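See structure below.
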Amino acid sequence: MSGGAAAAVVTNPIAKNILYQSGFAEPGHTEYLAKLAAELTGTAPLPVMMLWSPELAVVPVTIHLPLREVISRLSVDLVVQTGRVAAHDLRERFGIVRPRLAVAGLNPHAGEHGALGDEDLTLVRPAVEQLRAEGIDARGPLPADSLFHEAARASYDVALAMYHDQALIPIKTLAFDHAVNVTLGLPFVRTSPDHGTAFDIAGSGRADPGSLIAALKLAARLSGRRESHRLAFGA
């Protein structure tokens, strides 16, 4: 862009443990960029991590938490806010006129009507009802074990998962070499590869740049650098 301004930010993988040893105070890139955005705009955004590929897009509602802490961090408000951000950015940046959100249940079989835990009845379902009341096309809680096969994926634009692995296992299975991490909710476009640092193969010439290339391409498209940038998944 003119004047030395950047159209988007594309970050590379970081080793969080090394940053923490050096005194880095934020959990990761996403939170650090949200802090910078708050300093810039005076408003604290809710950064939402979406992993995107032509085959599947997923949003984990909670991210880098031990599994035992997930339930204590989940709330109706957090699910609602995450759904709002996802729907807004899919509409405004990806050009999906009416984004369809599939919301996974927390427990096996989405709780089996309370037999396998009541969180889906007390947390997830009320959040979905609130999103729908706001005009957002959301449905759930849906059993996560049947949410990611091909026919199911055709029925939604993004799946909201309740915790990290519930979201990342399916997308890394389907699109490990070309999925992209997109941070929603920021006042600028930010993407990154979906993989880690891979120190074990550094300098060997064996690293696959596919995910970084995909991140660069998606950043360019979302920032409007291409003549036509109203996107649908798979475009």
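Residue numbering restarts at 1 for every chain of the structure tokens, chains are lettered A, B, ... in their displayed order, and ligands are numbered from 1 as they appear.
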
Quiz prompt | Close residues, Ala167 (chain A) itself excluded, 8 Å, only C-alpha atoms, min 5 positions apart in chain, as an NGL selection string | solution = :A and (58-60 or 159-162)

With only C-alpha atoms counted and 12 Å as the cut-off, give the residues of region 16-48 of chain A in contact with region 76-93 of chain A, each with its shortest interatomic distance in Å and the pair that gives it, as CSV.
```
residue,atom,partner,partner_atom,distance
A:Pro45,CA,A:Val85,CA,9.7
A:Leu46,CA,A:Val85,CA,7.8
A:Pro47,CA,A:Val85,CA,8.4
A:Val48,CA,A:Thr82,CA,6.6
```

Restricted to N, CA, C and O atoms, what would the selected residues look like written as a JSON list (two decimals), in the first residue's frame?
```json
[["chain", "number", "residue", "atom", "x", "y", "z"],
["A", 45, "PRO", "N", -10.35, -5.37, 21.64],
["A", 45, "PRO", "CA", -11.09, -6.32, 20.81],
["A", 45, "PRO", "C", -11.09, -7.71, 21.43],
["A", 45, "PRO", "O", -10.26, -8.01, 22.30],
["A", 46, "LEU", "N", -12.04, -8.53, 21.01],
["A", 46, "LEU", "CA", -12.00, -9.95, 21.37],
["A", 46, "LEU", "C", -11.36, -10.70, 20.21],
["A", 46, "LEU", "O", -11.99, -10.87, 19.17],
["A", 47, "PRO", "N", -10.10, -11.11, 20.33],
["A", 47, "PRO", "CA", -9.47, -11.83, 19.23],
["A", 47, "PRO", "C", -9.98, -13.27, 19.18],
["A", 47, "PRO", "O", -10.05, -13.95, 20.20],
["A", 48, "VAL", "N", -10.38, -13.70, 18.02],
["A", 48, "VAL", "CA", -10.94, -15.04, 17.83],
["A", 48, "VAL", "C", -10.09, -15.78, 16.81],
["A", 48, "VAL", "O", -9.88, -15.28, 15.70]]
```

Give me every strand (DSSP E or B) residue in region 25-205 of chain A, going by DSSP on the backbone, as a PDB file with C-alpha atoms, in the first residue's frame.
```
ATOM      1  CA  VAL A  48     -10.938 -15.037  17.831  1.00  0.00           C
ATOM      2  CA  MET A  49      -8.766 -17.724  16.286  1.00  0.00           C
ATOM      3  CA  MET A  50     -10.174 -19.322  13.164  1.00  0.00           C
ATOM      4  CA  LEU A  51      -8.405 -22.104  11.291  1.00  0.00           C
ATOM      5  CA  TRP A  52      -9.475 -21.857   7.664  1.00  0.00           C
ATOM      6  CA  ALA A  57     -13.166 -23.641   8.927  1.00  0.00           C
ATOM      7  CA  VAL A  58     -13.151 -24.031  12.700  1.00  0.00           C
ATOM      8  CA  VAL A  59     -13.143 -21.658  15.685  1.00  0.00           C
ATOM      9  CA  PRO A  60     -12.140 -22.920  19.141  1.00  0.00           C
ATOM     10  CA  ARG A 100     -23.913 -20.519   8.968  1.00  0.00           C
ATOM     11  CA  LEU A 101     -22.460 -21.461  12.358  1.00  0.00           C
ATOM     12  CA  ALA A 102     -22.463 -25.054  13.595  1.00  0.00           C
ATOM     13  CA  VAL A 103     -21.819 -25.098  17.349  1.00  0.00           C
ATOM     14  CA  ALA A 104     -20.318 -28.275  18.775  1.00  0.00           C
ATOM     15  CA  ASP A 137     -27.713 -18.482  11.670  1.00  0.00           C
ATOM     16  CA  ALA A 138     -26.414 -20.768  14.436  1.00  0.00           C
ATOM     17  CA  ARG A 139     -27.400 -24.280  15.401  1.00  0.00           C
ATOM     18  CA  GLY A 140     -26.341 -26.575  18.182  1.00  0.00           C
ATOM     19  CA  PRO A 141     -25.156 -28.006  20.426  1.00  0.00           C
ATOM     20  CA  LEU A 142     -24.227 -30.667  17.891  1.00  0.00           C
ATOM     21  CA  VAL A 158     -17.689 -22.469  10.283  1.00  0.00           C
ATOM     22  CA  ALA A 159     -17.792 -24.865  13.224  1.00  0.00           C
ATOM     23  CA  LEU A 160     -17.457 -23.432  16.716  1.00  0.00           C
ATOM     24  CA  ALA A 161     -15.737 -25.921  18.996  1.00  0.00           C
ATOM     25  CA  VAL A 180      -4.373 -20.972   7.676  1.00  0.00           C
ATOM     26  CA  ASN A 181      -4.753 -19.393  11.097  1.00  0.00           C
ATOM     27  CA  VAL A 182      -6.851 -16.212  10.750  1.00  0.00           C
ATOM     28  CA  THR A 183      -7.368 -13.894  13.715  1.00  0.00           C
ATOM     29  CA  LEU A 184     -10.909 -12.535  13.639  1.00  0.00           C
ATOM     30  CA  ARG A 190      -3.740 -11.137  10.434  1.00  0.00           C
ATOM     31  CA  THR A 191      -2.960 -14.639   9.223  1.00  0.00           C
ATOM     32  CA  SER A 192      -0.317 -17.251   9.980  1.00  0.00           C
ATOM     33  CA  PRO A 193       0.518 -20.876   9.159  1.00  0.00           C
TER      34      PRO A 193
END
```

Exercise. Can you list, as an MDAnalysis selection string, all residues belonging to region 12-190 of chain A that DSSP tags as helix (DSSP H, G or I)?
Key: chainID A and resid 16:21 29:41 67:73 76:92 108:111 119:133 144:146 150:153 164:175

Exercise. Return the single residue from A:Thr41, A:Asp145, A:His195, A:Ala7 that is closest to Ala207 (chain A), with distances computed using only C-alpha atoms.
Key: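 Answer, going by the shortest atom-to-atom distance: A:His195.
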
Quiz item: Using only C-alpha atoms, which residues sit within 7 Å of Ser53 (chain A) once same-chain residues fewer than 5 positions away are excluded, as a PyMOL selection string?
Solution: chain A and resi 175+178-180

Given the selection you just returned, output its residues as a file containing C-alpha atoms, formatted as a CSV table (one decimal), in the first residue's frame.
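What follows is the written file again-v4.csv:
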```csv
chain,number,residue,atom,x,y,z
A,175,ALA,CA,-5.8,-29.8,5.5
A,178,HIS,CA,-2.5,-25.7,3.6
A,179,ALA,CA,-4.8,-24.6,6.5
A,180,VAL,CA,-4.4,-21.0,7.7
```
